[in-house]
$ cat model-v1.cif   # mmCIF, C-alpha atoms and all ligand atoms
data_protein
loop_
_atom_site.group_PDB
_atom_site.id
_atom_site.type_symbol
_atom_site.label_atom_id
_atom_site.label_comp_id
_atom_site.auth_asym_id
_atom_site.auth_seq_id
_atom_site.Cartn_x
_atom_site.Cartn_y
_atom_site.Cartn_z
ATOM 1 C CA MET A 1 -10.756 0.071 19.343
ATOM 2 C CA LYS A 2 -8.715 -0.361 16.194
ATOM 3 C CA ILE A 3 -5.275 -1.885 16.596
ATOM 4 C CA MET A 4 -2.342 0.510 16.326
ATOM 5 C CA GLN A 5 -0.586 0.365 12.956
ATOM 6 C CA LEU A 6 3.113 1.049 12.617
ATOM 7 C CA ILE A 7 4.043 3.252 9.650
ATOM 8 C CA ASP A 8 7.023 1.632 7.917
ATOM 9 C CA GLY A 9 9.097 4.404 6.360
ATOM 10 C CA LYS A 10 11.884 2.045 5.404
ATOM 11 C CA LYS A 11 9.622 -0.150 3.295
ATOM 12 C CA THR A 12 7.704 2.793 1.819
ATOM 13 C CA SER A 13 10.947 4.451 0.816
ATOM 14 C CA ALA A 14 12.187 1.228 -0.854
ATOM 15 C CA ASP A 15 8.847 0.928 -2.712
ATOM 16 C CA ILE A 16 9.088 4.510 -3.986
ATOM 17 C CA LYS A 17 12.690 4.081 -5.149
ATOM 18 C CA ALA A 18 11.600 0.977 -7.084
ATOM 19 C CA GLU A 19 8.787 2.994 -8.702
ATOM 20 C CA ILE A 20 11.223 5.737 -9.658
ATOM 21 C CA ALA A 21 13.652 3.184 -11.107
ATOM 22 C CA ALA A 22 10.844 1.714 -13.233
ATOM 23 C CA GLU A 23 9.952 5.169 -14.548
ATOM 24 C CA VAL A 24 13.599 5.924 -15.316
ATOM 25 C CA ALA A 25 13.897 2.632 -17.210
ATOM 26 C CA GLU A 26 10.934 3.745 -19.359
ATOM 27 C CA MET A 27 12.501 7.167 -19.946
ATOM 28 C CA VAL A 28 15.752 5.559 -21.032
ATOM 29 C CA ALA A 29 13.910 3.075 -23.290
ATOM 30 C CA ALA A 30 12.184 6.084 -24.903
ATOM 31 C CA GLY A 31 15.595 7.563 -25.741
ATOM 32 C CA LYS A 32 15.769 10.156 -22.920
ATOM 33 C CA ARG A 33 18.827 10.541 -20.744
ATOM 34 C CA ARG A 34 18.876 9.537 -17.101
ATOM 35 C CA PRO A 35 18.026 12.166 -14.451
ATOM 36 C CA HIS A 36 21.260 13.641 -13.072
ATOM 37 C CA LEU A 37 21.694 14.866 -9.492
ATOM 38 C CA ALA A 38 24.867 16.686 -8.416
ATOM 39 C CA ALA A 39 25.870 17.198 -4.784
ATOM 40 C CA ILE A 40 28.433 19.664 -3.484
ATOM 41 C CA LEU A 41 30.139 18.610 -0.265
ATOM 42 C CA VAL A 42 32.439 21.042 1.535
ATOM 43 C CA GLY A 43 34.824 19.669 4.179
ATOM 44 C CA HIS A 44 34.657 16.315 5.975
ATOM 45 C CA ASP A 45 31.858 16.570 8.548
ATOM 46 C CA GLY A 46 30.941 12.985 9.563
ATOM 47 C CA GLY A 47 27.172 13.455 9.354
ATOM 48 C CA SER A 48 27.381 15.223 5.982
ATOM 49 C CA GLU A 49 29.690 12.525 4.565
ATOM 50 C CA THR A 50 27.121 9.854 5.531
ATOM 51 C CA TYR A 51 24.137 11.792 4.158
ATOM 52 C CA VAL A 52 25.849 12.510 0.836
ATOM 53 C CA ALA A 53 27.072 8.918 0.471
ATOM 54 C CA ASN A 54 23.466 7.754 1.000
ATOM 55 C CA LYS A 55 22.212 10.232 -1.586
ATOM 56 C CA VAL A 56 24.735 8.952 -4.151
ATOM 57 C CA LYS A 57 23.754 5.349 -3.338
ATOM 58 C CA SER A 58 20.048 6.165 -3.721
ATOM 59 C CA CYS A 59 20.737 7.751 -7.122
ATOM 60 C CA ALA A 60 22.212 4.452 -8.296
ATOM 61 C CA GLU A 61 19.166 2.555 -6.934
ATOM 62 C CA CYS A 62 16.858 4.878 -8.882
ATOM 63 C CA GLY A 63 18.867 4.644 -12.107
ATOM 64 C CA PHE A 64 20.032 8.268 -11.889
ATOM 65 C CA GLU A 65 23.395 9.620 -12.796
ATOM 66 C CA SER A 66 25.075 11.398 -9.873
ATOM 67 C CA SER A 67 28.092 13.646 -9.428
ATOM 68 C CA LEU A 68 29.795 14.336 -6.136
ATOM 69 C CA ILE A 69 31.765 17.583 -6.122
ATOM 70 C CA ARG A 70 34.080 17.935 -3.162
ATOM 71 C CA PHE A 71 35.868 20.959 -1.781
ATOM 72 C CA GLU A 72 38.106 21.392 1.250
ATOM 73 C CA ASP A 73 36.705 23.629 3.986
ATOM 74 C CA ASP A 74 39.064 26.470 3.107
ATOM 75 C CA ILE A 75 37.196 27.095 -0.176
ATOM 76 C CA THR A 76 36.174 30.760 -0.434
ATOM 77 C CA GLU A 77 32.569 31.847 -0.692
ATOM 78 C CA ALA A 78 33.318 33.306 -4.142
ATOM 79 C CA GLU A 79 34.719 29.981 -5.391
ATOM 80 C CA LEU A 80 31.679 28.097 -4.106
ATOM 81 C CA LEU A 81 29.322 30.624 -5.695
ATOM 82 C CA ASP A 82 31.192 30.187 -9.006
ATOM 83 C CA LYS A 83 30.591 26.424 -8.832
ATOM 84 C CA VAL A 84 26.894 26.964 -8.098
ATOM 85 C CA ARG A 85 26.593 29.243 -11.139
ATOM 86 C CA GLU A 86 28.433 26.687 -13.270
ATOM 87 C CA LEU A 87 25.936 23.970 -12.247
ATOM 88 C CA ASN A 88 23.030 26.367 -12.905
ATOM 89 C CA GLU A 89 24.276 26.640 -16.498
ATOM 90 C CA ASP A 90 25.156 22.970 -16.995
ATOM 91 C CA ASP A 91 22.367 21.410 -19.069
ATOM 92 C CA SER A 92 23.544 17.886 -18.216
ATOM 93 C CA VAL A 93 22.631 18.477 -14.525
ATOM 94 C CA ASP A 94 18.901 18.394 -13.714
ATOM 95 C CA GLY A 95 19.140 19.265 -10.044
ATOM 96 C CA PHE A 96 21.783 19.818 -7.385
ATOM 97 C CA ILE A 97 22.214 20.305 -3.670
ATOM 98 C CA VAL A 98 24.823 21.970 -1.516
ATOM 99 C CA GLN A 99 25.118 19.846 1.615
ATOM 100 C CA LEU A 100 24.680 21.896 4.802
ATOM 101 C CA PRO A 101 26.156 22.967 7.178
ATOM 102 C CA LEU A 102 28.819 25.029 5.413
ATOM 103 C CA PRO A 103 31.967 26.413 7.084
ATOM 104 C CA LYS A 104 31.340 29.556 9.146
ATOM 105 C CA HIS A 105 33.034 31.921 6.647
ATOM 106 C CA ILE A 106 30.460 31.076 3.956
ATOM 107 C CA SER A 107 26.920 32.460 4.018
ATOM 108 C CA GLU A 108 24.511 29.529 3.599
ATOM 109 C CA GLN A 109 21.701 31.892 2.637
ATOM 110 C CA LYS A 110 23.812 33.507 -0.094
ATOM 111 C CA VAL A 111 24.686 30.080 -1.505
ATOM 112 C CA ILE A 112 21.071 28.847 -1.400
ATOM 113 C CA GLU A 113 19.842 32.006 -3.128
ATOM 114 C CA ALA A 114 22.483 31.592 -5.855
ATOM 115 C CA ILE A 115 21.001 28.206 -6.871
ATOM 116 C CA ASP A 116 18.650 28.369 -9.868
ATOM 117 C CA TYR A 117 15.297 27.600 -8.185
ATOM 118 C CA ARG A 118 14.453 25.280 -11.103
ATOM 119 C CA LYS A 119 17.375 23.054 -10.035
ATOM 120 C CA ASP A 120 16.875 23.505 -6.253
ATOM 121 C CA VAL A 121 15.792 19.929 -5.490
ATOM 122 C CA ASP A 122 16.268 20.565 -1.738
ATOM 123 C CA GLY A 123 13.462 23.147 -1.975
ATOM 124 C CA PHE A 124 15.465 25.581 0.185
ATOM 125 C CA HIS A 125 15.401 28.582 -2.214
ATOM 126 C CA PRO A 126 12.980 31.328 -1.069
ATOM 127 C CA ILE A 127 11.153 31.046 -4.418
ATOM 128 C CA ASN A 128 10.381 27.378 -3.707
ATOM 129 C CA ALA A 129 9.489 28.077 -0.057
ATOM 130 C CA GLY A 130 7.189 30.919 -1.136
ATOM 131 C CA ARG A 131 5.595 28.977 -3.968
ATOM 132 C CA MET A 132 4.962 26.066 -1.646
ATOM 133 C CA ALA A 133 3.258 28.368 0.858
ATOM 134 C CA ILE A 134 0.754 29.522 -1.773
ATOM 135 C CA GLY A 135 0.308 26.112 -3.394
ATOM 136 C CA LEU A 136 2.163 26.658 -6.696
ATOM 137 C CA PRO A 137 4.306 24.045 -8.518
ATOM 138 C CA CYS A 138 7.635 23.902 -6.713
ATOM 139 C CA PHE A 139 10.206 21.667 -5.090
ATOM 140 C CA VAL A 140 8.939 20.808 -1.595
ATOM 141 C CA SER A 141 11.745 20.188 0.885
ATOM 142 C CA ALA A 142 12.451 16.580 1.693
ATOM 143 C CA THR A 143 11.116 15.997 5.218
ATOM 144 C CA PRO A 144 7.699 17.672 4.797
ATOM 145 C CA ALA A 145 7.260 15.924 1.427
ATOM 146 C CA GLY A 146 8.180 12.568 3.008
ATOM 147 C CA ILE A 147 5.622 13.043 5.800
ATOM 148 C CA LEU A 148 2.811 13.755 3.310
ATOM 149 C CA GLU A 149 3.854 10.775 1.231
ATOM 150 C CA LEU A 150 3.533 8.491 4.273
ATOM 151 C CA LEU A 151 0.069 9.863 5.123
ATOM 152 C CA ALA A 152 -1.003 9.328 1.497
ATOM 153 C CA ARG A 153 0.385 5.800 1.187
ATOM 154 C CA TYR A 154 -1.210 4.669 4.449
ATOM 155 C CA GLY A 155 -4.558 6.091 3.305
ATOM 156 C CA ILE A 156 -4.822 8.283 6.398
ATOM 157 C CA ASP A 157 -7.859 10.548 6.234
ATOM 158 C CA THR A 158 -6.786 14.141 6.892
ATOM 159 C CA LYS A 159 -9.697 16.245 5.600
ATOM 160 C CA GLY A 160 -11.265 18.335 8.341
ATOM 161 C CA LYS A 161 -8.966 16.858 10.989
ATOM 162 C CA HIS A 162 -7.149 18.863 13.640
ATOM 163 C CA CYS A 163 -3.411 18.624 12.971
ATOM 164 C CA VAL A 164 -1.065 19.912 15.657
ATOM 165 C CA VAL A 165 2.532 20.584 14.616
ATOM 166 C CA LEU A 166 5.144 20.793 17.358
ATOM 167 C CA GLY A 167 7.910 23.133 16.212
ATOM 168 C CA ARG A 168 8.214 26.028 13.772
ATOM 169 C CA SER A 169 11.532 25.433 12.003
ATOM 170 C CA ASN A 170 11.946 26.562 8.390
ATOM 171 C CA ILE A 171 12.794 23.042 7.233
ATOM 172 C CA VAL A 172 10.030 21.041 8.939
ATOM 173 C CA GLY A 173 7.459 22.653 11.261
ATOM 174 C CA ARG A 174 6.536 25.689 9.184
ATOM 175 C CA PRO A 175 6.363 23.979 5.760
ATOM 176 C CA VAL A 176 4.562 20.864 6.988
ATOM 177 C CA ALA A 177 1.969 23.086 8.721
ATOM 178 C CA GLU A 178 1.448 24.991 5.456
ATOM 179 C CA LEU A 179 1.020 21.756 3.485
ATOM 180 C CA MET A 180 -1.388 20.179 5.970
ATOM 181 C CA MET A 181 -3.556 23.303 5.787
ATOM 182 C CA GLN A 182 -3.799 23.410 1.968
ATOM 183 C CA LYS A 183 -6.935 22.302 0.159
ATOM 184 C CA ARG A 184 -5.724 18.977 -1.188
ATOM 185 C CA THR A 185 -5.064 15.378 -0.171
ATOM 186 C CA PRO A 186 -3.311 14.816 2.191
ATOM 187 C CA GLY A 187 -4.128 18.169 3.776
ATOM 188 C CA ASN A 188 -7.304 20.175 4.296
ATOM 189 C CA CYS A 189 -6.663 20.101 8.059
ATOM 190 C CA THR A 190 -7.279 22.670 10.727
ATOM 191 C CA VAL A 191 -3.690 23.313 11.774
ATOM 192 C CA THR A 192 -2.258 24.529 15.073
ATOM 193 C CA ILE A 193 1.470 25.130 15.546
ATOM 194 C CA VAL A 194 2.827 24.951 19.078
ATOM 195 C CA HIS A 195 6.377 25.996 20.003
ATOM 196 C CA SER A 196 8.717 26.933 22.829
ATOM 197 C CA ALA A 197 6.582 29.934 23.858
ATOM 198 C CA THR A 198 3.269 28.011 23.941
ATOM 199 C CA PRO A 199 2.204 27.665 27.602
ATOM 200 C CA ASN A 200 -0.463 24.935 27.315
ATOM 201 C CA ILE A 201 1.019 22.461 24.823
ATOM 202 C CA ALA A 202 -0.545 19.327 26.380
ATOM 203 C CA GLU A 203 -4.013 20.868 26.337
ATOM 204 C CA ILE A 204 -3.661 21.534 22.588
ATOM 205 C CA THR A 205 -2.078 18.203 21.607
ATOM 206 C CA ARG A 206 -4.853 16.357 23.500
ATOM 207 C CA ASN A 207 -7.272 17.844 20.969
ATOM 208 C CA ALA A 208 -5.245 16.686 17.961
ATOM 209 C CA ASP A 209 -6.315 14.015 15.476
ATOM 210 C CA ILE A 210 -2.833 14.178 13.918
ATOM 211 C CA ILE A 211 0.346 15.198 15.763
ATOM 212 C CA ILE A 212 3.563 15.992 13.894
ATOM 213 C CA ALA A 213 6.397 16.297 16.416
ATOM 214 C CA ALA A 214 9.431 18.233 15.175
ATOM 215 C CA ILE A 215 10.995 19.995 18.139
ATOM 216 C CA GLY A 216 14.154 17.956 18.662
ATOM 217 C CA LYS A 217 13.447 17.116 22.319
ATOM 218 C CA PRO A 218 13.837 13.369 23.002
ATOM 219 C CA ALA A 219 10.647 11.646 24.243
ATOM 220 C CA PHE A 220 8.860 14.988 24.718
ATOM 221 C CA LEU A 221 5.397 13.752 23.719
ATOM 222 C CA LYS A 222 3.923 11.605 26.525
ATOM 223 C CA ALA A 223 0.812 9.417 26.627
ATOM 224 C CA ASP A 224 -1.228 11.954 28.620
ATOM 225 C CA MET A 225 -0.692 14.509 25.812
ATOM 226 C CA VAL A 226 -2.304 12.299 23.150
ATOM 227 C CA LYS A 227 -5.930 11.364 22.613
ATOM 228 C CA GLU A 228 -7.060 7.808 21.939
ATOM 229 C CA GLY A 229 -6.857 6.983 18.197
ATOM 230 C CA ALA A 230 -4.529 9.848 17.195
ATOM 231 C CA VAL A 231 -2.055 9.618 14.284
ATOM 232 C CA VAL A 232 1.460 10.451 15.506
ATOM 233 C CA ILE A 233 4.334 11.373 13.176
ATOM 234 C CA ASP A 234 7.722 11.609 14.886
ATOM 235 C CA VAL A 235 10.335 13.751 13.107
ATOM 236 C CA GLY A 236 12.852 13.782 15.981
ATOM 237 C CA THR A 237 16.316 12.307 15.430
ATOM 238 C CA THR A 238 18.354 13.402 18.431
ATOM 239 C CA ARG A 239 21.540 11.462 19.126
ATOM 240 C CA VAL A 240 21.495 10.387 22.778
ATOM 241 C CA PRO A 241 24.490 8.702 24.426
ATOM 242 C CA ASP A 242 24.091 4.918 24.689
ATOM 243 C CA ALA A 243 27.059 2.916 25.986
ATOM 244 C CA SER A 244 25.473 -0.357 24.796
ATOM 245 C CA ARG A 245 25.840 0.685 21.140
ATOM 246 C CA LYS A 246 28.981 0.387 19.092
ATOM 247 C CA SER A 247 28.485 3.940 17.825
ATOM 248 C CA GLY A 248 28.081 5.191 21.422
ATOM 249 C CA PHE A 249 24.673 6.731 20.662
ATOM 250 C CA ARG A 250 21.154 5.902 19.571
ATOM 251 C CA LEU A 251 18.572 7.996 17.769
ATOM 252 C CA SER A 252 15.720 9.252 19.891
ATOM 253 C CA GLY A 253 12.481 10.626 18.512
ATOM 254 C CA ASP A 254 10.394 13.456 20.000
ATOM 255 C CA VAL A 255 7.765 10.908 21.062
ATOM 256 C CA ASP A 256 7.904 8.592 24.075
ATOM 257 C CA PHE A 257 7.107 5.670 21.766
ATOM 258 C CA ASN A 258 6.469 2.944 24.352
ATOM 259 C CA GLU A 259 3.976 5.106 26.228
ATOM 260 C CA VAL A 260 2.284 6.747 23.252
ATOM 261 C CA ALA A 261 2.057 3.914 20.681
ATOM 262 C CA PRO A 262 -0.741 1.920 22.409
ATOM 263 C CA LYS A 263 -3.052 4.969 22.161
ATOM 264 C CA CYS A 264 -2.440 5.629 18.454
ATOM 265 C CA SER A 265 -4.233 4.514 15.298
ATOM 266 C CA PHE A 266 -0.959 5.065 13.393
ATOM 267 C CA ILE A 267 2.552 5.953 14.566
ATOM 268 C CA THR A 268 5.997 6.285 12.960
ATOM 269 C CA PRO A 269 8.964 4.643 14.719
ATOM 270 C CA VAL A 270 12.430 6.200 15.128
ATOM 271 C CA PRO A 271 14.484 5.036 13.351
ATOM 272 C CA GLY A 272 12.652 3.660 10.304
ATOM 273 C CA GLY A 273 9.788 6.144 10.076
ATOM 274 C CA VAL A 274 10.191 9.634 8.618
ATOM 275 C CA GLY A 275 14.002 9.377 8.300
ATOM 276 C CA PRO A 276 14.229 7.004 5.296
ATOM 277 C CA MET A 277 11.590 9.071 3.461
ATOM 278 C CA THR A 278 13.723 12.203 3.187
ATOM 279 C CA ILE A 279 16.282 10.934 0.661
ATOM 280 C CA CYS A 280 13.439 9.362 -1.253
ATOM 281 C CA SER A 281 11.787 12.820 -1.547
ATOM 282 C CA LEU A 282 15.051 14.181 -2.927
ATOM 283 C CA MET A 283 15.015 11.447 -5.571
ATOM 284 C CA LYS A 284 11.414 12.333 -6.458
ATOM 285 C CA ASN A 285 12.341 16.002 -6.795
ATOM 286 C CA THR A 286 15.245 15.088 -9.070
ATOM 287 C CA LEU A 287 12.893 13.124 -11.303
ATOM 288 C CA ILE A 288 10.557 16.157 -11.398
ATOM 289 C CA ALA A 289 13.521 18.400 -12.255
ATOM 290 C CA ALA A 290 14.447 16.097 -15.134
ATOM 291 C CA LYS A 291 10.909 16.435 -16.500
ATOM 292 C CA HIS A 292 11.076 20.242 -16.285
ATOM 293 C CA THR A 293 7.609 20.634 -14.809
ATOM 294 C CA VAL A 294 8.664 23.356 -12.334
ATOM 295 C CA TYR A 295 9.426 26.573 -14.206
HETATM 296 N N1 LIG A 301 21.914 18.899 5.883
HETATM 297 C C1 LIG A 301 21.025 18.210 6.659
HETATM 298 N N2 LIG A 301 19.926 17.923 5.947
HETATM 299 C C2 LIG A 301 20.112 18.419 4.702
HETATM 300 C C3 LIG A 301 19.324 18.421 3.525
HETATM 301 O O1 LIG A 301 18.194 17.933 3.460
HETATM 302 N N3 LIG A 301 19.875 19.036 2.449
HETATM 303 C C4 LIG A 301 21.097 19.619 2.484
HETATM 304 N N4 LIG A 301 21.553 20.223 1.382
HETATM 305 N N5 LIG A 301 21.856 19.639 3.562
HETATM 306 C C5 LIG A 301 21.356 19.040 4.672
#

$ encode --input "model-v1.cif" --output "structure tokens"
Amino acid sequence: MKIMQLIDGKKTSADIKAEIAAEVAEMVAAGKRRPHLAAILVGHDGGSETYVANKVKSCAECGFESSLIRFEDDITEAELLDKVRELNEDDSVDGFIVQLPLPKHISEQKVIEAIDYRKDVDGFHPINAGRMAIGLPCFVSATPAGILELLARYGIDTKGKHCVVLGRSNIVGRPVAELMMQKRTPGNCTVTIVHSATPNIAEITRNADIIIAAIGKPAFLKADMVKEGAVVIDVGTTRVPDASRKSGFRLSGDVDFNEVAPKCSFITPVPGGVGPMTICSLMKNTLIAAKHTVY
């Protein structure tokens, strides 16, 4: 039996950022301007503040220009939509994101649909979601793109394999299932999606060569649900109370790591697996936006 290999998302993400920075240095040497990502942050939500700060920091690591546009949470929907339209028109901005969640009085869907899909580096616009589903050039949202990047970089064979996705969310389960099914590498899998209404989840996951767990239930996937030699990708990042930590919580994945890891050929840890890959995918999308290859 082959020894289990840990998939290091932290290192992979650092490698990719270094590759992007090298490409940006070449662009700049050739007289082109640096890719420019703008982020709109509404209010002062702690999680959102951290995410956006990390995005700005990653831009600097990649050699991008970045702009952080802040509004208080009493901004009206009309004012926010005006800003989105202004960024759509601003030729100095290659791509931008509106950090979610937004205050209750603003429709997130309306805001997302107002973004020019050619600058929608989050890949949340229905045009990007639809194009991705039928395999056209588009911005793929960050978490699914990060998962495929890990499978590619670890040389994991996916063709003809049975991939079971736990969860059907619009941002992870659904798109990652679509990508794993498409005729390309990584991909070309037989895909099954299981969700809260699936009665025999363990029976199905036991048949999986690749399991992608994205249901947000800490330690849901147990050893008896996984076959020997499976590849397990853990997307869960639930905050569970932990008095021994300064923060008062720790991140828990959807996989019972200690139980499941010994059975796997490859497994992602939490933290340090899929998580660090998401910002890196956003940086990749920004570079693509700057090259104008999605139109
Ligand atoms: N909130 C949590 N994750 C994300 C993300 O990937 N993009 C945006 N815009 N907001 C988020």

$ residues_near_ligand --input "model-v1.cif" --ligand "ligand LIG 301 (chain A)" --cutoff "8 Å" --atoms "only C-alpha atoms and all ligand atoms" --output "PyMOL selection string"
chain A and resi 48+51+97-101+122+141-143+278-279

$ atom_distance --input "model-v1.cif" --atom1 "atom CA of A:Arg34" --atom2 "atom CA of A:Lys10"
24.7 Å

$ closest_atom_pairs --input "model-v1.cif" --of "stretch 120-232 of chain A" --to "stretch 273-276 of chain A" --cutoff "12 Å" --atoms "only C-alpha atoms" --output "Markdown table"
| residue | atom | partner | partner_atom | distance |
| --- | --- | --- | --- | --- |
| A:Ala142 | CA | A:Gly275 | CA | 9.9 |
| A:Thr143 | CA | A:Val274 | CA | 7.3 |
| A:Pro144 | CA | A:Val274 | CA | 9.2 |
| A:Ala145 | CA | A:Val274 | CA | 10.0 |
| A:Gly146 | CA | A:Val274 | CA | 6.6 |
| A:Ile147 | CA | A:Val274 | CA | 6.4 |
| A:Leu148 | CA | A:Val274 | CA | 10.0 |
| A:Glu149 | CA | A:Val274 | CA | 9.8 |
| A:Leu150 | CA | A:Val274 | CA | 8.0 |
| A:Leu151 | CA | A:Val274 | CA | 10.7 |
| A:Val172 | CA | A:Val274 | CA | 11.4 |
| A:Ile212 | CA | A:Val274 | CA | 10.6 |
| A:Ala213 | CA | A:Val274 | CA | 10.9 |
| A:Ala214 | CA | A:Val274 | CA | 10.8 |
| A:Val232 | CA | A:Gly273 | CA | 10.8 |

$ closest_atom_pairs --input "model-v1.cif" --of "stretch 103-163 of chain A" --to "stretch 241-265 of chain A" --cutoff "12 Å" --atoms "all atoms listed in the file" --output "tab-separated table"
residue	atom	partner	partner_atom	distance
A:Tyr154	CA	A:Ser265	CA	11.3
A:Ile156	CA	A:Ser265	CA	9.7
A:Asp157	CA	A:Ser265	CA	11.5

$ residues_around --input "model-v1.cif" --residues "A:Glu23" --least-positions-apart "2" --cutoff "12 Å" --atoms "all atoms listed in the file" --output "MDAnalysis selection string"
chainID A and resid 16:21 25:30 32 34:35 62:64 284 287:288 290:291

$ write_last_selection --input "model-v1.cif" --atoms "C-alpha atoms" --output "compact mmCIF listing (two decimals), keeping the file's coordinate frame"
# COMPACT_ATOMS: atom_id res chain seq x y z
CA ILE A 16 9.09 4.51 -3.99
CA LYS A 17 12.69 4.08 -5.15
CA ALA A 18 11.60 0.98 -7.08
CA GLU A 19 8.79 2.99 -8.70
CA ILE A 20 11.22 5.74 -9.66
CA ALA A 21 13.65 3.18 -11.11
CA ALA A 25 13.90 2.63 -17.21
CA GLU A 26 10.93 3.74 -19.36
CA MET A 27 12.50 7.17 -19.95
CA VAL A 28 15.75 5.56 -21.03
CA ALA A 29 13.91 3.08 -23.29
CA ALA A 30 12.18 6.08 -24.90
CA LYS A 32 15.77 10.16 -22.92
CA ARG A 34 18.88 9.54 -17.10
CA PRO A 35 18.03 12.17 -14.45
CA CYS A 62 16.86 4.88 -8.88
CA GLY A 63 18.87 4.64 -12.11
CA PHE A 64 20.03 8.27 -11.89
CA LYS A 284 11.41 12.33 -6.46
CA LEU A 287 12.89 13.12 -11.30
CA ILE A 288 10.56 16.16 -11.40
CA ALA A 290 14.45 16.10 -15.13
CA LYS A 291 10.91 16.43 -16.50

$ closest_residue --input "model-v1.cif" --among "A:Arg168, A:Lys11, A:Asp94, A:Leu81" --to "A:Arg33" --atoms "all atoms listed in the file"
A:Asp94

$ atom_distance --input "model-v1.cif" --atom1 "atom CA of A:Ala38" --atom2 "atom CA of A:Ile69"
7.3 Å

$ closest_residue --input "model-v1.cif" --among "A:Asp116, A:Glu178, A:Leu136, A:Arg184" --to "A:Lys159" --atoms "only C-alpha atoms"
A:Arg184

$ closest_residue --input "model-v1.cif" --among "A:Asp234, A:Thr293, A:Asp209, A:Met180" --to "A:Ile267" --atoms "only C-alpha atoms"
A:Asp234
